[in-house]
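This is data_26.pdb. It holds PDB, C-alpha atoms.
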ATOM      1  CA  MET J   1     105.416 101.485  85.333
ATOM      2  CA  SER J   2     106.085 105.096  84.290
ATOM      3  CA  THR J   3     107.172 107.842  86.670
ATOM      4  CA  LYS J   4     105.314 111.162  86.572
ATOM      5  CA  ILE J   5     106.337 113.753  89.182
ATOM      6  CA  TYR J   6     105.073 116.889  87.490
ATOM      7  CA  GLY J   7     105.083 119.045  90.618
ATOM      8  CA  GLY J   8     108.434 118.008  92.084
ATOM      9  CA  ARG J   9     110.575 120.589  93.893
ATOM     10  CA  LYS J  10     114.095 120.645  95.332
ATOM     11  CA  ILE J  11     115.913 122.404  98.181
ATOM     12  CA  ASN J  12     119.728 122.274  98.076
ATOM     13  CA  SER J  13     120.066 121.332 101.729
ATOM     14  CA  THR J  14     119.207 118.610 104.228
ATOM     15  CA  ASP J  15     119.503 120.947 107.223
ATOM     16  CA  LEU J  16     116.167 120.601 109.002
ATOM     17  CA  PHE J  17     116.434 123.988 110.719
ATOM     18  CA  TYR J  18     116.960 125.666 107.354
ATOM     19  CA  ILE J  19     114.167 123.666 105.709
ATOM     20  CA  ASN J  20     111.811 124.457 108.579
ATOM     21  CA  SER J  21     112.492 128.181 108.131
ATOM     22  CA  ILE J  22     111.438 127.854 104.477
ATOM     23  CA  ILE J  23     108.297 125.931 105.424
ATOM     24  CA  ASP J  24     107.453 128.649 107.977
ATOM     25  CA  LYS J  25     107.691 131.259 105.227
ATOM     26  CA  ILE J  26     105.278 129.229 103.102
ATOM     27  CA  ARG J  27     102.890 128.748 106.003
ATOM     28  CA  THR J  28     102.858 132.443 106.937
ATOM     29  CA  GLU J  29     102.252 133.664 103.398
ATOM     30  CA  TYR J  30      99.711 130.953 102.629
ATOM     31  CA  PHE J  31      97.794 131.693 105.833
ATOM     32  CA  SER J  32      97.356 135.284 104.731
ATOM     33  CA  GLN J  33      96.434 134.443 101.143
ATOM     34  CA  SER J  34      94.114 131.531 101.928
ATOM     35  CA  LYS J  35      92.254 133.539 104.554
ATOM     36  CA  SER J  36      91.534 136.211 101.959
ATOM     37  CA  ILE J  37      90.458 133.624  99.359
ATOM     38  CA  PHE J  38      88.295 131.787 101.892
ATOM     39  CA  ILE J  39      86.461 134.947 102.951
ATOM     40  CA  LYS J  40      85.689 135.770  99.304
ATOM     41  CA  THR J  41      84.480 132.207  98.731
ATOM     42  CA  LEU J  42      82.370 132.348 101.878
ATOM     43  CA  SER J  43      80.884 135.713 100.915
ATOM     44  CA  SER J  44      80.021 134.474  97.432
ATOM     45  CA  PHE J  45      78.453 131.332  98.903
ATOM     46  CA  VAL J  46      76.325 133.162 101.483
ATOM     47  CA  VAL J  47      75.118 135.793  99.020
ATOM     48  CA  LYS J  48      74.658 133.649  95.882
ATOM     49  CA  ASP J  49      73.835 130.210  97.290
ATOM     50  CA  ILE J  50      71.689 131.241 100.234
ATOM     51  CA  ILE J  51      70.350 134.797 100.080
ATOM     52  CA  ASP J  52      69.792 134.989  96.315
ATOM     53  CA  ARG J  53      68.332 131.477  96.196
ATOM     54  CA  ILE J  54      65.918 132.408  98.970
ATOM     55  CA  SER J  55      64.929 135.487  96.956
ATOM     56  CA  VAL J  56      64.403 133.456  93.783
ATOM     57  CA  GLU J  57      63.445 129.939  94.863
ATOM     58  CA  LYS J  58      62.625 129.989  98.594
ATOM     59  CA  ASP J  59      64.299 126.557  98.817
ATOM     60  CA  PRO J  60      68.064 126.899  98.341
ATOM     61  CA  ILE J  61      69.949 123.733  97.382
ATOM     62  CA  LEU J  62      73.422 124.986  98.313
ATOM     63  CA  TYR J  63      75.127 123.447  95.281
ATOM     64  CA  SER J  64      78.695 124.222  96.305
ATOM     65  CA  LEU J  65      78.394 122.145  99.486
ATOM     66  CA  SER J  66      75.881 119.530  98.355
ATOM     67  CA  LYS J  67      78.506 116.750  98.264
ATOM     68  CA  TYR J  68      79.038 116.957 102.036
ATOM     69  CA  ASP J  69      76.587 115.565 104.577
ATOM     70  CA  PHE J  70      75.990 118.193 107.248
ATOM     71  CA  ASN J  71      73.153 116.165 108.778
ATOM     72  CA  LEU J  72      70.689 118.978 108.166
ATOM     73  CA  THR J  73      67.270 118.301 109.643
ATOM     74  CA  LYS J  74      64.608 118.162 106.959
ATOM     75  CA  GLY J  75      62.100 120.977 107.307
ATOM     76  CA  HIS J  76      64.200 122.818 109.889
ATOM     77  CA  ALA J  77      64.826 126.539 109.347
ATOM     78  CA  TYR J  78      68.511 127.451 109.600
ATOM     79  CA  SER J  79      69.910 130.902 110.184
ATOM     80  CA  ILE J  80      73.043 132.111 108.421
ATOM     81  CA  GLU J  81      74.856 131.744 111.757
ATOM     82  CA  ASP J  82      73.742 128.089 112.020
ATOM     83  CA  TYR J  83      75.208 127.287 108.644
ATOM     84  CA  LEU J  84      78.435 129.164 109.278
ATOM     85  CA  ASP J  85      78.814 126.958 112.347
ATOM     86  CA  LYS J  86      78.434 123.891 110.122
ATOM     87  CA  ILE J  87      81.111 125.191 107.758
ATOM     88  CA  ARG J  88      83.494 126.246 110.493
ATOM     89  CA  PHE J  89      83.391 123.143 112.673
ATOM     90  CA  ASN J  90      82.346 120.308 110.342
ATOM     91  CA  LEU J  91      83.675 121.065 106.880
ATOM     92  CA  PRO J  92      87.431 120.559 107.499
ATOM     93  CA  CYS J  93      86.791 117.098 108.971
ATOM     94  CA  LEU J  94      84.318 116.155 106.230
ATOM     95  CA  ILE J  95      86.799 117.133 103.509
ATOM     96  CA  ASP J  96      89.578 115.186 105.210
ATOM     97  CA  GLU J  97      87.395 112.104 105.731
ATOM     98  CA  SER J  98      85.791 112.032 102.288
ATOM     99  CA  GLN J  99      88.995 112.806 100.338
ATOM    100  CA  LYS J 100      86.809 114.508  97.741
ATOM    101  CA  ARG J 101      88.492 117.190  95.664
ATOM    102  CA  ASP J 102      87.089 120.631  96.363
ATOM    103  CA  PHE J 103      88.731 123.711  94.880
ATOM    104  CA  ASP J 104      86.324 126.080  96.639
ATOM    105  CA  TRP J 105      86.587 124.921 100.237
ATOM    106  CA  ASP J 106      89.670 122.746 100.669
ATOM    107  CA  PHE J 107      92.592 124.840 101.907
ATOM    108  CA  SER J 108      94.615 121.954 103.254
ATOM    109  CA  TYR J 109      98.038 121.094 101.923
ATOM    110  CA  THR J 110     100.760 118.528 102.398
ATOM    111  CA  ILE J 111     104.473 118.894 101.770
ATOM    112  CA  SER J 112     106.342 115.601 101.663
ATOM    113  CA  LEU J 113     110.110 115.935 102.171
ATOM    114  CA  TYR J 114     112.623 113.400 100.888
ATOM    115  CA  PRO J 115     116.244 113.939 102.034
ATOM    116  CA  THR J 116     118.779 112.441  99.612
ATOM    117  CA  SER J 117     122.373 111.290  99.905
ATOM    118  CA  ASN J 118     123.384 114.217  97.645
ATOM    119  CA  GLN J 119     122.779 116.749 100.432
ATOM    120  CA  CYS J 120     119.525 117.980  98.936
ATOM    121  CA  THR J 121     115.861 117.471  99.787
ATOM    122  CA  LEU J 122     113.179 116.652  97.236
ATOM    123  CA  LEU J 123     109.621 117.852  97.807
ATOM    124  CA  ILE J 124     106.203 116.724  96.624
ATOM    125  CA  ILE J 125     103.477 119.278  97.338
ATOM    126  CA  ASN J 126      99.741 118.610  97.215
ATOM    127  CA  SER J 127      97.018 121.239  97.473
ATOM    128  CA  GLU J 128      93.800 122.208  95.707
ATOM    129  CA  GLN J 129      94.783 125.880  95.853
ATOM    130  CA  GLU J 130      96.748 127.382  92.985
ATOM    131  CA  GLU J 131      97.791 130.203  95.307
ATOM    132  CA  LEU J 132     100.068 127.848  97.259
ATOM    133  CA  TYR J 133     101.979 126.909  94.102
ATOM    134  CA  LYS J 134     102.306 130.592  93.179
ATOM    135  CA  ILE J 135     103.836 131.335  96.585
ATOM    136  CA  ILE J 136     106.311 128.455  96.276
ATOM    137  CA  SER J 137     107.271 129.334  92.687
ATOM    138  CA  LYS J 138     108.417 132.783  93.867
ATOM    139  CA  MET J 139     110.750 131.395  96.535
ATOM    140  CA  PRO J 140     114.398 131.302  95.350
ATOM    141  CA  GLU J 141     115.235 128.613  97.930
ATOM    142  CA  ILE J 142     112.948 126.103  96.183
ATOM    143  CA  LYS J 143     113.758 124.888  92.674
ATOM    144  CA  TYR J 144     111.142 123.486  90.319
ATOM    145  CA  TYR J 145     112.373 119.918  89.869
ATOM    146  CA  PRO J 146     109.864 117.672  88.070
ATOM    147  CA  TYR J 147     110.615 114.373  86.400
ATOM    148  CA  TRP J 148     108.742 112.021  84.090
ATOM    149  CA  ASP J 149     109.646 109.184  81.769
ATOM    150  CA  ASN J 150     106.440 108.788  79.772
ATOM    151  CA  THR J 151     107.301 111.593  77.299
ATOM    152  CA  ASP J 152     110.362 113.563  76.196
ATOM    153  CA  ARG J 153     112.228 115.751  78.674
ATOM    154  CA  PRO J 154     111.821 119.564  78.524
ATOM    155  CA  GLU J 155     113.940 121.259  75.874
ATOM    156  CA  ASN J 156     115.648 123.490  78.443
ATOM    157  CA  VAL J 157     116.970 120.511  80.472
ATOM    158  CA  SER J 158     120.024 118.595  79.228
ATOM    159  CA  GLU J 159     120.029 114.804  78.974
ATOM    160  CA  GLU J 160     122.699 114.653  81.663
ATOM    161  CA  ASP J 161     120.637 116.747  84.112
ATOM    162  CA  TRP J 162     117.492 114.774  83.281
ATOM    163  CA  ASP J 163     119.258 111.489  84.041
ATOM    164  CA  LYS J 164     120.473 112.967  87.322
ATOM    165  CA  ARG J 165     116.908 113.833  88.276
ATOM    166  CA  SER J 166     115.863 110.310  87.415
ATOM    167  CA  ASP J 167     118.486 108.870  89.758
ATOM    168  CA  GLU J 168     117.594 111.260  92.591
ATOM    169  CA  TRP J 169     113.866 110.625  92.438
ATOM    170  CA  ASP J 170     114.404 106.888  92.058
ATOM    171  CA  SER J 171     116.619 106.872  95.144
ATOM    172  CA  VAL J 172     113.801 108.188  97.349
ATOM    173  CA  LEU J 173     110.711 106.739  95.661
ATOM    174  CA  SER J 174     111.816 103.195  94.867
ATOM    175  CA  ALA J 175     109.836 100.365  96.464
ATOM    176  CA  GLY J 176     110.237  99.946 100.202
ATOM    177  CA  LYS J 177     111.823 103.323 100.889
ATOM    178  CA  ILE J 178     108.987 105.843 101.023
ATOM    179  CA  GLY J 179     107.842 105.153 104.558
ATOM    180  CA  SER J 180     111.318 105.097 106.055
ATOM    181  CA  ILE J 181     113.004 108.180 104.619
ATOM    182  CA  ASN J 182     110.359 110.865 104.128
ATOM    183  CA  PHE J 183     108.250 112.913 106.458
ATOM    184  CA  GLU J 184     105.210 115.043 105.845
ATOM    185  CA  ILE J 185     104.015 118.465 106.954
ATOM    186  CA  LYS J 186     100.257 118.795 106.893
ATOM    187  CA  ASN J 187      97.843 121.630 107.527
ATOM    188  CA  ILE J 188      94.075 121.100 107.260
ATOM    189  CA  ASP J 189      92.806 124.268 108.911
ATOM    190  CA  ILE J 190      90.104 126.392 107.354
ATOM    191  CA  TYR J 191      90.500 129.952 108.501
ATOM    192  CA  LEU J 192      87.357 131.691 109.676
ATOM    193  CA  PRO J 193      86.937 134.732 111.938
ATOM    194  CA  ASN J 194      85.893 133.727 115.436
ATOM    195  CA  PHE J 195      82.999 136.109 115.947
ATOM    196  CA  TYR J 196      79.819 136.358 113.909
ATOM    197  CA  HIS J 197      79.936 140.140 113.615
ATOM    198  CA  LYS J 198      83.422 139.847 112.105
ATOM    199  CA  MET J 199      82.187 137.175 109.692
ATOM    200  CA  PHE J 200      79.275 139.349 108.675
ATOM    201  CA  ASP J 201      81.504 142.385 108.172
ATOM    202  CA  ALA J 202      83.830 140.304 105.992
ATOM    203  CA  ILE J 203      80.914 138.873 103.980
ATOM    204  CA  ILE J 204      79.455 142.330 103.372
ATOM    205  CA  GLU J 205      82.819 143.807 102.445
ATOM    206  CA  ASN J 206      83.526 141.022  99.934
ATOM    207  CA  GLN J 207      80.026 140.473  98.564
ATOM    208  CA  PRO J 208      79.848 139.903  94.798
ATOM    209  CA  SER J 209      78.471 142.635  92.570
ATOM    210  CA  LEU J 210      74.797 142.713  91.626
ATOM    211  CA  GLU J 211      75.687 141.990  87.989
ATOM    212  CA  ASP J 212      77.688 138.937  89.031
ATOM    213  CA  ARG J 213      74.770 137.713  91.155
ATOM    214  CA  LEU J 214      72.255 138.314  88.372
ATOM    215  CA  ARG J 215      74.386 136.357  85.929
ATOM    216  CA  ASN J 216      74.633 133.515  88.455
ATOM    217  CA  VAL J 217      70.856 133.130  88.985
ATOM    218  CA  ALA J 218      70.210 133.638  85.264
ATOM    219  CA  LYS J 219      72.666 130.846  84.369
ATOM    220  CA  ASP J 220      71.122 128.529  86.983
ATOM    221  CA  SER J 221      67.628 129.191  85.681
ATOM    222  CA  SER J 222      68.732 128.686  82.087
ATOM    223  CA  LEU J 223      70.526 125.447  83.024
ATOM    224  CA  GLU J 224      67.435 124.104  84.771
ATOM    225  CA  GLU J 225      65.326 124.755  81.690
ATOM    226  CA  TYR J 226      68.005 123.186  79.523
ATOM    227  CA  ILE J 227      68.058 120.048  81.676
ATOM    228  CA  LYS J 228      64.281 119.724  81.649
ATOM    229  CA  SER J 229      64.173 119.993  77.866
ATOM    230  CA  SER J 230      67.025 117.531  77.358
ATOM    231  CA  LYS J 231      66.327 114.073  75.968
ATOM    232  CA  THR J 232      68.847 112.736  78.500
ATOM    233  CA  LEU J 233      66.089 112.862  81.108
ATOM    234  CA  THR J 234      63.124 110.504  80.957
ATOM    235  CA  SER J 235      60.205 109.980  83.298
ATOM    236  CA  ASP J 236      61.827 106.927  84.872
ATOM    237  CA  LYS J 237      65.516 107.843  84.907
ATOM    238  CA  ILE J 238      67.628 110.352  86.826
ATOM    239  CA  ILE J 239      70.533 112.016  85.017
ATOM    240  CA  LEU J 240      73.681 109.908  85.079
ATOM    241  CA  ASP J 241      76.880 111.673  86.168
ATOM    242  CA  HIS J 242      78.515 111.552  82.731
ATOM    243  CA  ASN J 243      75.303 112.765  81.078
ATOM    244  CA  PHE J 244      75.083 115.669  83.511
ATOM    245  CA  THR J 245      78.675 116.674  82.777
ATOM    246  CA  ARG J 246      77.897 116.652  79.075
ATOM    247  CA  LEU J 247      74.784 118.744  79.700
ATOM    248  CA  LEU J 248      76.838 121.325  81.596
ATOM    249  CA  ILE J 249      79.323 121.582  78.715
ATOM    250  CA  ASN J 250      76.566 121.788  76.090
ATOM    251  CA  HIS J 251      74.732 124.441  78.103
ATOM    252  CA  GLN J 252      77.894 126.528  78.466
ATOM    253  CA  ASP J 253      78.377 126.327  74.688
ATOM    254  CA  TYR J 254      74.740 127.357  74.218
ATOM    255  CA  LEU J 255      75.252 130.478  76.357
ATOM    256  CA  GLU J 256      77.992 131.584  73.948
ATOM    257  CA  THR J 257      75.557 131.595  71.016
ATOM    258  CA  LYS J 258      73.519 134.651  70.008
ATOM    259  CA  GLU J 259      70.344 132.975  71.249
ATOM    260  CA  GLY J 260      71.965 131.947  74.531
ATOM    261  CA  LYS J 261      73.310 135.438  75.221
ATOM    262  CA  ALA J 262      69.875 136.935  74.549
ATOM    263  CA  LYS J 263      68.276 134.363  76.867
ATOM    264  CA  LEU J 264      70.759 135.201  79.614
ATOM    265  CA  GLU J 265      70.051 138.943  79.351
ATOM    266  CA  GLU J 266      66.302 138.266  79.383
ATOM    267  CA  LYS J 267      66.620 136.245  82.583
ATOM    268  CA  LYS J 268      68.913 138.816  84.228
ATOM    269  CA  ASN J 269      66.248 141.483  83.613
ATOM    270  CA  PHE J 270      63.578 139.156  84.999
ATOM    271  CA  PHE J 271      65.505 138.562  88.247
ATOM    272  CA  ARG J 272      66.683 142.155  88.687
ATOM    273  CA  ASN J 273      63.735 143.116  90.876
ATOM    274  CA  LYS J 274      63.823 139.885  92.831
ATOM    275  CA  LEU J 275      67.357 140.176  94.252
ATOM    276  CA  LEU J 276      68.394 142.526  97.009
ATOM    277  CA  PRO J 277      70.526 145.279  95.426
ATOM    278  CA  ALA J 278      73.055 144.992  98.257
ATOM    279  CA  ILE J 279      73.376 142.816 101.375
ATOM    280  CA  SER J 280      73.492 144.416 104.817
ATOM    281  CA  LYS J 281      74.320 143.024 108.244
ATOM    282  CA  GLU J 282      70.597 143.208 109.101
ATOM    283  CA  HIS J 283      69.817 140.908 106.160
ATOM    284  CA  LEU J 284      72.385 138.393 107.368
ATOM    285  CA  LYS J 285      71.042 138.431 110.908
ATOM    286  CA  SER J 286      67.398 138.085 109.904
ATOM    287  CA  MET J 287      67.647 135.470 107.144
ATOM    288  CA  SER J 288      66.665 131.850 107.675
ATOM    289  CA  PHE J 289      66.179 129.056 105.155
ATOM    290  CA  VAL J 290      65.065 125.444 104.799
ATOM    291  CA  PRO J 291      67.663 123.835 102.505
ATOM    292  CA  LEU J 292      66.564 121.409  99.811
ATOM    293  CA  LYS J 293      68.919 118.495  99.212
ATOM    294  CA  MET J 294      70.166 117.643  95.750
ATOM    295  CA  GLU J 295      68.364 114.314  95.601
ATOM    296  CA  GLU J 296      65.064 116.074  96.344
ATOM    297  CA  ARG J 297      65.637 118.456  93.438
ATOM    298  CA  GLU J 298      66.541 115.498  91.176
ATOM    299  CA  VAL J 299      63.230 113.842  92.065
ATOM    300  CA  ASP J 300      61.458 117.120  91.350
ATOM    301  CA  LEU J 301      63.139 117.338  87.927
ATOM    302  CA  LYS J 302      62.257 113.735  87.209
ATOM    303  CA  GLU J 303      58.599 114.333  87.991
ATOM    304  CA  THR J 304      58.396 117.366  85.699
ATOM    305  CA  CYS J 305      59.745 115.586  82.623
TER     306      CYS J 305
END

Re-express the file's structure as C-alpha cells.
Amino acid sequence: MSTKIYGGRKINSTDLFYINSIIDKIRTEYFSQSKSIFIKTLSSFVVKDIIDRISVEKDPILYSLSKYDFNLTKGHAYSIEDYLDKIRFNLPCLIDESQKRDFDWDFSYTISLYPTSNQCTLLIINSEQEELYKIISKMPEIKYYPYWDNTDRPENVSEEDWDKRSDEWDSVLSAGKIGSINFEIKNIDIYLPNFYHKMFDAIIENQPSLEDRLRNVAKDSSLEEYIKSSKTLTSDKIILDHNFTRLLINHQDYLETKEGKAKLEEKKNFFRNKLLPAISKEHLKSMSFVPLKMEEREVDLKETC
C-alpha cells in the first residue's frame, strides 16, 4: 500500500511546552482569521440565500445549508434571528456528526502530533479552510515535510533526505503505533457574535455588493432553466448526483459563451428592480421566510418537465 502524506509538517523539538506555544500562536491567529471569514460567509448567506431569494422566489431553499437537517417545521415562518440560532447552536454539531465536507461553514481543525525518537515532532493537519494552511506556512518553527512513494520525489529534495523522511514517517505511522504515540488537538468551534444586534451590524457591514447579488440570482435562474431544458430530466426520474454535477459544469461553460453572457446580463437587468439595493438592520429585523427543502424543489422540477 502506498504512502501519501502530502500535508505533512515537522517541528524540530519534542518539548511539549515549546510545541504548545506554537499551537497557541496558530489558534490565536486562526481565531481572528476564521471569525472574519465566517462573518463574510454568514453575511453572504443571509443576503443572497434568504433576503434575495425572498425578493425573487418567496420560497428560499437555502442551498448552502440544504445538506444539514435543522428540523425546520414545514409551513412555519422563520425570522432571521431564528435561523441564526439554528446556525449558531446546531451547525457545529451537525458538521461534526455528519462528517460531510463543507468549505463554507466548517471551521474546525485537527492537528495530530507524532513525537519521534529523533527529537522532532511530525504533524498532520486537517481543515477545510485554506487560511489555516496559509497561517502555518508562514511560521518558521514549522517545516513543510510531506512524503509519498507513489510518484517521484520533489526535485529540490535529495534522495538521502527523502529516504530519511520515509524512515521518520514509517516510524510513527506503521501498523499498531498510531494510537499509542500520537495525540490530537481539536477545535470545532464556529465563532459567532453573542448578540443579535452585533450579528446584524456585522452582516450589514460585510454584505455583498448589489452587482454580486444580481449575478448570483441571475446564475441561479439561468441554471434552473438549463436544468428544466436538459434531457437528463424526464417526467419519472429525478436528477442523479453525477448527472447534476455534469449539468453544473456544462452550465458554467455555457455562461462563458457569447449567448450565455448575454443571457446573464438580461437576467441581471430583469432582477435589478426586484432586489433591495442595500440591506439595513430594519430589513433584517422584519424579514421572515418559509424555507422550501431541496427535495420539494426537485419534485417541483420533476413535475414541470

Self-check item: Point-to-point distance from CA of Ile37 (chain J) to CA of Glu57 (chain J), Å rounded to tenths
Solution: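 Separating CA of Ile37 (chain J) from CA of Glu57 (chain J) is a distance of 27.6 Å.
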
Quiz item: Nearest to Lys267 (chain J): which of J:Thr151, J:Ser32, J:Ser222, J:Thr116 is it, counting only C-alpha atoms?
Solution: J:Ser222

I'd like the box whose edges run along x, y and z of the file and which contains every listed atom of region 194-213 of chain J, padded by 8 Å per side; could you state its centre and edge lengths in Å, one decimal, as AutoDock Vina command-line options?
--center_x 80.3 --center_y 138.8 --center_z 102.0 --size_x 27.1 --size_y 26.1 --size_z 44.0

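Residues matching the PyMOL selection byres ((chain J and resi 145) around 9) in this structure come to Ile5, Tyr6, Gly7, Gly8, Arg9, Lys10, Leu122, Leu123, Ile142, Lys143, Tyr144, Pro146, Tyr147 and Arg165 of chain J.
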
Quiz item: Interatomic distance between CA of Glu141 (chain J) and CA of Ile22 (chain J)?
Solution: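 So the two atoms, CA of Glu141 (chain J) and CA of Ile22 (chain J), lie 7.6 Å apart.
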
Exercise. Decode the PyMOL selection byres ((chain J and resi 275) around 8) for the given file into explicit residues and return them as a PyMOL selection string.
Key: chain J and resi 52+55-56+214+271-274+276-277

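The coordinates place CA of Ser21 (chain J) at 12.2 Å from CA of Met139 (chain J).
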
Quiz item: Around (110.6, 125.9, 107.0) in the file's frame, which residues reach within 12 Å when counting only C-alpha atoms? Return as a ChimeraX atom specification?
Solution: /J:11,13-29,111,113,136,139,141-142,185
